[in-house]
$ cat final.pdb   # PDB, C-alpha atoms
ATOM      1  CA  ALA A  88      -3.400   1.898  30.108
ATOM      2  CA  LEU A  89      -7.066   1.200  30.766
ATOM      3  CA  ARG A  90      -6.356  -2.511  31.264
ATOM      4  CA  ARG A  91      -3.606  -1.706  33.744
ATOM      5  CA  LEU A  92      -5.788   0.780  35.592
ATOM      6  CA  ARG A  93      -8.583  -1.778  35.975
ATOM      7  CA  SER A  94      -6.105  -4.450  37.070
ATOM      8  CA  GLY A  95      -4.651  -2.031  39.616
ATOM      9  CA  LEU A  96      -8.088  -1.364  41.075
ATOM     10  CA  ARG A  97      -8.629  -5.113  41.503
ATOM     11  CA  LEU A  98      -5.162  -5.678  42.917
ATOM     12  CA  PHE A  99      -5.401  -2.984  45.594
ATOM     13  CA  VAL A 100      -8.971  -3.792  46.679
ATOM     14  CA  PRO A 101      -7.814  -4.613  50.244
ATOM     15  CA  PHE A 102      -6.597  -1.036  50.688
ATOM     16  CA  LEU A 103      -9.290   0.944  48.874
ATOM     17  CA  PRO A 104     -12.814   1.893  49.929
ATOM     18  CA  VAL A 105     -15.412  -0.481  48.475
ATOM     19  CA  ARG A 106     -17.419   2.383  46.965
ATOM     20  CA  PHE A 107     -14.323   3.752  45.208
ATOM     21  CA  VAL A 108     -13.497   0.389  43.635
ATOM     22  CA  ARG A 109     -17.092  -0.363  42.685
ATOM     23  CA  HIS A 110     -17.695   3.060  41.139
ATOM     24  CA  TRP A 111     -14.442   3.419  39.204
ATOM     25  CA  GLY A 112     -14.360  -0.227  38.238
ATOM     26  CA  GLY A 113     -17.792   0.325  36.686
ATOM     27  CA  VAL A 114     -16.821   3.562  34.929
ATOM     28  CA  TRP A 115     -13.656   2.113  33.378
ATOM     29  CA  GLY A 116     -15.341  -1.209  32.627
ATOM     30  CA  GLU A 117     -17.986   0.633  30.626
ATOM     31  CA  LEU A 118     -15.284   2.495  28.709
ATOM     32  CA  ALA A 119     -13.433  -0.765  28.017
ATOM     33  CA  ARG A 120     -16.632  -2.244  26.565
ATOM     34  CA  ALA A 121     -17.034   0.833  24.349
ATOM     35  CA  LEU A 122     -13.451   0.535  23.055
ATOM     36  CA  GLY A 123     -13.436  -3.259  22.659
ATOM     37  CA  PRO A 124     -15.153  -3.492  19.268
ATOM     38  CA  ALA A 125     -12.597  -1.125  17.688
ATOM     39  CA  ARG A 126      -9.714  -3.204  18.990
ATOM     40  CA  GLU A 127     -11.358  -6.417  17.776
ATOM     41  CA  ALA A 128     -12.040  -4.950  14.321
ATOM     42  CA  ASP A 129      -8.448  -3.719  14.071
ATOM     43  CA  VAL A 130      -7.104  -7.169  14.926
ATOM     44  CA  LEU A 131      -9.345  -8.792  12.318
ATOM     45  CA  ALA A 132      -8.222  -6.270   9.709
ATOM     46  CA  THR A 133      -4.507  -6.343  10.420
ATOM     47  CA  ASP A 134      -3.629  -9.711  11.967
ATOM     48  CA  THR A 135      -6.107 -12.538  11.817
ATOM     49  CA  LEU A 136      -8.384 -12.328   8.764
ATOM     50  CA  ALA A 137      -7.819  -9.700   6.101
ATOM     51  CA  PRO A 138      -4.193 -10.664   5.381
ATOM     52  CA  ARG A 139      -5.300 -14.257   4.718
ATOM     53  CA  TRP A 140      -8.232 -13.830   2.367
ATOM     54  CA  ALA A 141      -6.797 -11.612  -0.372
ATOM     55  CA  ASP A 142      -6.853 -14.376  -3.010
ATOM     56  CA  LEU A 143     -10.099 -16.072  -1.980
ATOM     57  CA  PRO A 144     -13.368 -15.798  -3.906
ATOM     58  CA  GLY A 145     -15.609 -13.239  -2.228
ATOM     59  CA  ALA A 146     -12.677 -11.467  -0.578
ATOM     60  CA  ASP A 147     -13.945  -8.054  -1.728
ATOM     61  CA  ALA A 148     -17.320  -8.594  -0.067
ATOM     62  CA  LEU A 149     -15.665  -9.796   3.151
ATOM     63  CA  GLN A 150     -13.308  -6.812   3.154
ATOM     64  CA  ALA A 151     -16.187  -4.376   2.573
ATOM     65  CA  ARG A 152     -18.130  -5.910   5.476
ATOM     66  CA  LEU A 153     -15.108  -5.721   7.781
ATOM     67  CA  ASP A 154     -14.290  -2.152   6.710
ATOM     68  CA  ALA A 155     -17.854  -1.020   7.489
ATOM     69  CA  GLN A 156     -17.756  -2.677  10.922
ATOM     70  CA  ARG A 157     -14.345  -1.202  11.594
ATOM     71  CA  ARG A 158     -15.490   2.345  10.717
ATOM     72  CA  ALA A 159     -18.527   1.981  12.980
ATOM     73  CA  ALA A 160     -16.390   0.602  15.829
ATOM     74  CA  HIS A 161     -13.863   3.431  15.476
ATOM     75  CA  ALA A 162     -16.672   5.990  15.532
ATOM     76  CA  GLY A 163     -18.005   4.422  18.732
ATOM     77  CA  ALA A 164     -14.555   4.452  20.339
ATOM     78  CA  ALA A 165     -13.953   8.056  19.320
ATOM     79  CA  ALA A 166     -17.320   9.083  20.753
ATOM     80  CA  ALA A 167     -16.535   7.326  24.027
ATOM     81  CA  VAL A 168     -13.310   9.273  24.624
ATOM     82  CA  SER A 169     -13.951  12.615  22.946
ATOM     83  CA  GLY A 170     -16.879  13.907  24.948
ATOM     84  CA  ALA A 171     -16.892  16.036  28.043
ATOM     85  CA  ALA A 172     -18.116  13.084  30.119
ATOM     86  CA  HIS A 173     -14.873  11.191  29.563
ATOM     87  CA  ALA A 174     -12.696  14.194  30.425
ATOM     88  CA  LEU A 175     -14.756  14.828  33.569
ATOM     89  CA  ALA A 176     -14.447  11.170  34.574
ATOM     90  CA  LEU A 177     -10.648  11.364  34.272
ATOM     91  CA  LEU A 178     -10.549  14.482  36.419
ATOM     92  CA  ALA A 179     -13.019  13.094  38.949
ATOM     93  CA  GLN A 180     -11.113   9.832  39.349
ATOM     94  CA  SER A 181      -7.836  11.701  39.775
ATOM     95  CA  HIS A 182      -9.454  13.892  42.438
ATOM     96  CA  ALA A 183     -11.006  10.886  44.162
ATOM     97  CA  ALA A 184      -7.686   9.015  44.195
ATOM     98  CA  LEU A 185      -5.736  12.005  45.515
ATOM     99  CA  THR A 186      -8.220  12.618  48.335
ATOM    100  CA  LEU A 187      -8.564   9.019  49.521
ATOM    101  CA  PRO A 188      -8.182   8.566  53.261
ATOM    102  CA  PRO A 189      -5.299   6.342  54.358
ATOM    103  CA  GLY A 190      -6.179   2.694  53.837
ATOM    104  CA  PRO A 191      -5.649  -0.154  56.268
ATOM    105  CA  ALA A 192      -2.125  -1.393  56.855
ATOM    106  CA  ALA A 193      -1.098  -4.608  55.145
ATOM    107  CA  PRO A 194      -0.998  -7.458  57.676
ATOM    108  CA  GLY A 195       2.653  -8.360  58.185
ATOM    109  CA  GLY A 196       3.800  -5.433  56.057
ATOM    110  CA  LEU A 197       3.435  -4.462  52.429
ATOM    111  CA  ALA A 198       6.277  -6.666  51.131
ATOM    112  CA  ARG A 199       4.747  -9.759  52.716
ATOM    113  CA  TRP A 200       1.331  -8.882  51.280
ATOM    114  CA  ALA A 201       2.910  -8.406  47.826
ATOM    115  CA  ARG A 202       4.575 -11.841  47.954
ATOM    116  CA  ARG A 203       1.377 -13.549  49.113
ATOM    117  CA  THR A 204      -0.674 -11.763  46.468
ATOM    118  CA  VAL A 205       1.620 -12.708  43.581
ATOM    119  CA  ARG A 206       1.818 -16.318  44.795
ATOM    120  CA  ALA A 207      -1.998 -16.452  44.995
ATOM    121  CA  GLN A 208      -2.270 -15.056  41.459
ATOM    122  CA  ALA A 209       0.246 -17.647  40.213
ATOM    123  CA  ALA A 210      -1.792 -20.412  41.854
ATOM    124  CA  ALA A 211      -4.924 -19.053  40.135
ATOM    125  CA  VAL A 212      -3.098 -19.196  36.797
ATOM    126  CA  GLN A 213      -2.160 -22.823  37.435
ATOM    127  CA  ARG A 214      -5.773 -23.726  38.281
ATOM    128  CA  ARG A 215      -7.022 -21.939  35.160
ATOM    129  CA  ALA A 216      -4.391 -23.679  33.033
ATOM    130  CA  ARG A 217      -5.645 -27.090  34.166
ATOM    131  CA  GLN A 218      -9.264 -26.076  33.465
ATOM    132  CA  ALA A 219      -8.416 -24.560  30.078
ATOM    133  CA  LEU A 220      -7.470 -27.957  28.724
ATOM    134  CA  HIS A 221     -11.094 -29.062  29.086
ATOM    135  CA  VAL A 222     -13.272 -26.029  28.363
ATOM    136  CA  GLY A 223     -12.060 -24.670  25.008
ATOM    137  CA  PRO A 224     -12.064 -20.996  23.995
ATOM    138  CA  ASP A 225     -13.818 -19.727  27.131
ATOM    139  CA  GLY A 226     -11.278 -21.501  29.321
ATOM    140  CA  ARG A 227      -8.357 -20.100  27.329
ATOM    141  CA  HIS A 228      -9.870 -16.621  27.613
ATOM    142  CA  ALA A 229     -10.214 -16.977  31.399
ATOM    143  CA  LEU A 230      -6.625 -18.232  31.554
ATOM    144  CA  ARG A 231      -5.411 -15.252  29.502
ATOM    145  CA  LEU A 232      -7.144 -12.851  31.905
ATOM    146  CA  ALA A 233      -5.567 -14.618  34.913
ATOM    147  CA  VAL A 234      -2.124 -14.421  33.278
ATOM    148  CA  LYS A 235      -2.680 -10.739  32.526
ATOM    149  CA  ARG A 236      -3.640 -10.019  36.144
ATOM    150  CA  LEU A 237      -0.562 -11.869  37.384
ATOM    151  CA  ARG A 238       1.724 -10.041  34.980
ATOM    152  CA  TYR A 239       0.319  -6.619  35.835
ATOM    153  CA  GLY A 240       0.427  -7.493  39.541
ATOM    154  CA  GLN A 241       4.102  -8.358  39.230
ATOM    155  CA  GLN A 242       4.740  -5.060  37.471
ATOM    156  CA  PHE A 243       2.833  -3.029  40.070
ATOM    157  CA  LEU A 244       4.579  -4.754  42.965
ATOM    158  CA  ALA A 245       8.042  -5.331  41.451
ATOM    159  CA  ALA A 246       9.845  -3.075  43.940
ATOM    160  CA  LEU A 247       8.453  -5.159  46.822
ATOM    161  CA  LEU A 248       9.153  -8.608  45.367
ATOM    162  CA  PRO A 249      12.219 -10.837  45.305
ATOM    163  CA  GLU A 250      13.628 -11.180  41.791
ATOM    164  CA  ARG A 251      12.208 -14.666  41.172
ATOM    165  CA  LEU A 252       8.657 -13.461  41.909
ATOM    166  CA  ALA A 253       9.068 -10.234  39.935
ATOM    167  CA  ASP A 254      10.146 -11.966  36.694
ATOM    168  CA  ALA A 255       7.216 -11.509  34.310
ATOM    169  CA  GLY A 256       9.072 -12.800  31.243
ATOM    170  CA  PRO A 257       7.331 -16.166  30.947
ATOM    171  CA  TRP A 258       3.936 -14.558  31.532
ATOM    172  CA  VAL A 259       4.507 -12.032  28.745
ATOM    173  CA  GLU A 260       5.027 -14.913  26.318
ATOM    174  CA  ALA A 261       2.037 -16.847  27.665
ATOM    175  CA  GLN A 262      -0.215 -13.811  27.461
ATOM    176  CA  ALA A 263       0.873 -13.159  23.861
ATOM    177  CA  LEU A 264       0.186 -16.755  22.807
ATOM    178  CA  LEU A 265      -3.174 -16.883  24.574
ATOM    179  CA  GLY A 266      -4.038 -13.506  23.033
ATOM    180  CA  GLU A 267      -3.329 -14.864  19.550
ATOM    181  CA  LEU A 268      -5.540 -17.895  20.217
ATOM    182  CA  ASN A 269      -8.281 -15.612  21.537
ATOM    183  CA  ASP A 270      -8.014 -13.438  18.426
ATOM    184  CA  LEU A 271      -8.345 -16.526  16.230
ATOM    185  CA  ASP A 272     -11.444 -17.574  18.171
ATOM    186  CA  GLY A 273     -12.836 -14.074  17.566
ATOM    187  CA  ALA A 274     -12.083 -14.400  13.855
ATOM    188  CA  LEU A 275     -13.980 -17.690  13.719
ATOM    189  CA  ARG A 276     -16.973 -16.081  15.461
ATOM    190  CA  TRP A 277     -16.865 -13.182  13.014
ATOM    191  CA  LEU A 278     -16.746 -15.518  10.026
ATOM    192  CA  GLY A 279     -19.594 -17.558  11.489
ATOM    193  CA  ALA A 280     -21.807 -14.455  11.467
ATOM    194  CA  VAL A 281     -21.085 -13.662   7.799
ATOM    195  CA  PRO A 282     -23.898 -14.708   5.448
ATOM    196  CA  GLU A 283     -22.857 -17.395   2.987
TER     197      GLU A 283
END
$ encode --input "final.pdb" --output "structure tokens"
Amino acid sequence: ALRRLRSGLRLFVPFLPVRFVRHWGGVWGELARALGPAREADVLATDTLAPRWADLPGADALQARLDAQRRAAHAGAAAAVSGAAHALALLAQSHAALTLPPGPAAPGGLARWARRTVRAQAAAVQRRARQALHVGPDGRHALRLAVKRLRYGQQFLAALLPERLADAGPWVEAQALLGELNDLDGALRWLGAVPE
């Protein structure tokens, strides 16, 4: 939900006040950074690493290290969403969104803007795909983010798009594959930080 909210803020920048986007983009970006380590630790524990090392020498020490990091990350995530500050931020953003003044009209109408926006996002994905072949994990990560933005944009704007532009099926598969590769890169980084 947080990823979609942040993508929505970026998508509708042309129609939202700059201060609104900057403020709430910062608030939800900070929360995403607080929740990220818990998600990464969960992926390591359930998908990428722990299931593969059960029979290896030193597996108990690796598991203990991962479990400790996972507990700490979960505590950080819980602290980020359980305090009054988080609840107040949710209420404040809801209030701010509901009291926004009318934004500018989309040039040529909203449906035309939606088509142009999705086409521009698809072109950005194609550019990133070409770059990703040459820049390794960082390029794949940037490509995954571009695919995610395109997919969420299609979902947000589906009612305004012709069927061929609204079909997010291929992007769902691409995002899943790129996510798996990104998780494997994260697992390699984690292993690289483990003492011998």
$ resolve_selection --input "final.pdb" --expression "the PyMOL selection byres ((chain A and resi 178-186) around 10)" --output "list in words"
Leu103, Phe107, His110, Trp111, Val114, Ala172, His173, Ala174, Leu175, Ala176, Leu177, Leu187, Pro188 and Pro189 of chain A
$ residues_around --input "final.pdb" --residues "Ala274 of chain A" --least-positions-apart "2" --cutoff "12 Å" --atoms "only C-alpha atoms" --output "ChimeraX atom specification"
/A:127-137,139,153,267-272,276-281
$ closest_residue --input "final.pdb" --among "A:Ala167, A:Leu230, A:Ala201, A:Val259" --to "Phe243 of chain A" --atoms "all atoms listed in the file"
A:Ala201
$ residues_around --input "final.pdb" --residues "Val100 of chain A" --least-positions-apart "5" --cutoff "12 Å" --atoms "all atoms listed in the file" --output "mmCIF file with C-alpha atoms, in the frame of the given file"
data_model
loop_
_atom_site.group_PDB
_atom_site.id
_atom_site.type_symbol
_atom_site.label_atom_id
_atom_site.label_comp_id
_atom_site.auth_asym_id
_atom_site.auth_seq_id
_atom_site.Cartn_x
_atom_site.Cartn_y
_atom_site.Cartn_z
ATOM 1 C CA ARG A 93 -8.583 -1.778 35.975
ATOM 2 C CA SER A 94 -6.105 -4.450 37.070
ATOM 3 C CA GLY A 95 -4.651 -2.031 39.616
ATOM 4 C CA VAL A 105 -15.412 -0.481 48.475
ATOM 5 C CA ARG A 106 -17.419 2.383 46.965
ATOM 6 C CA PHE A 107 -14.323 3.752 45.208
ATOM 7 C CA VAL A 108 -13.497 0.389 43.635
ATOM 8 C CA ARG A 109 -17.092 -0.363 42.685
ATOM 9 C CA TRP A 111 -14.442 3.419 39.204
ATOM 10 C CA GLY A 112 -14.360 -0.227 38.238
ATOM 11 C CA GLY A 190 -6.179 2.694 53.837
ATOM 12 C CA PRO A 191 -5.649 -0.154 56.268
ATOM 13 C CA ALA A 193 -1.098 -4.608 55.145
ATOM 14 C CA THR A 204 -0.674 -11.763 46.468
#
$ axis_aligned_box --input "final.pdb" --around "segment 208-214 of chain A" --padding-each-side "4 Å" --output "JSON"
{"center_x": -2.8, "center_y": -19.4, "center_z": 39.3, "size_x": 14.0, "size_y": 16.7, "size_z": 13.1}
$ resolve_selection --input "final.pdb" --expression "the PyMOL selection byres ((chain A and resi 262) around 10)" --output "ChimeraX atom specification"
/A:230-235,238,257-261,263-268
$ write_last_selection --input "final.pdb" --atoms "C-alpha atoms" --output "CSV table (one decimal), keeping the file's coordinate frame"
chain,number,residue,atom,x,y,z
A,230,LEU,CA,-6.6,-18.2,31.6
A,231,ARG,CA,-5.4,-15.3,29.5
A,232,LEU,CA,-7.1,-12.9,31.9
A,233,ALA,CA,-5.6,-14.6,34.9
A,234,VAL,CA,-2.1,-14.4,33.3
A,235,LYS,CA,-2.7,-10.7,32.5
A,238,ARG,CA,1.7,-10.0,35.0
A,257,PRO,CA,7.3,-16.2,30.9
A,258,TRP,CA,3.9,-14.6,31.5
A,259,VAL,CA,4.5,-12.0,28.7
A,260,GLU,CA,5.0,-14.9,26.3
A,261,ALA,CA,2.0,-16.8,27.7
A,263,ALA,CA,0.9,-13.2,23.9
A,264,LEU,CA,0.2,-16.8,22.8
A,265,LEU,CA,-3.2,-16.9,24.6
A,266,GLY,CA,-4.0,-13.5,23.0
A,267,GLU,CA,-3.3,-14.9,19.6
A,268,LEU,CA,-5.5,-17.9,20.2
$ atom_distance --input "final.pdb" --atom1 "atom CA of Ala246 of chain A" --atom2 "atom CA of Gln213 of chain A"
24.0 Å
$ atom_distance --input "final.pdb" --atom1 "atom CA of Leu197 of chain A" --atom2 "atom CA of Pro249 of chain A"
13.0 Å
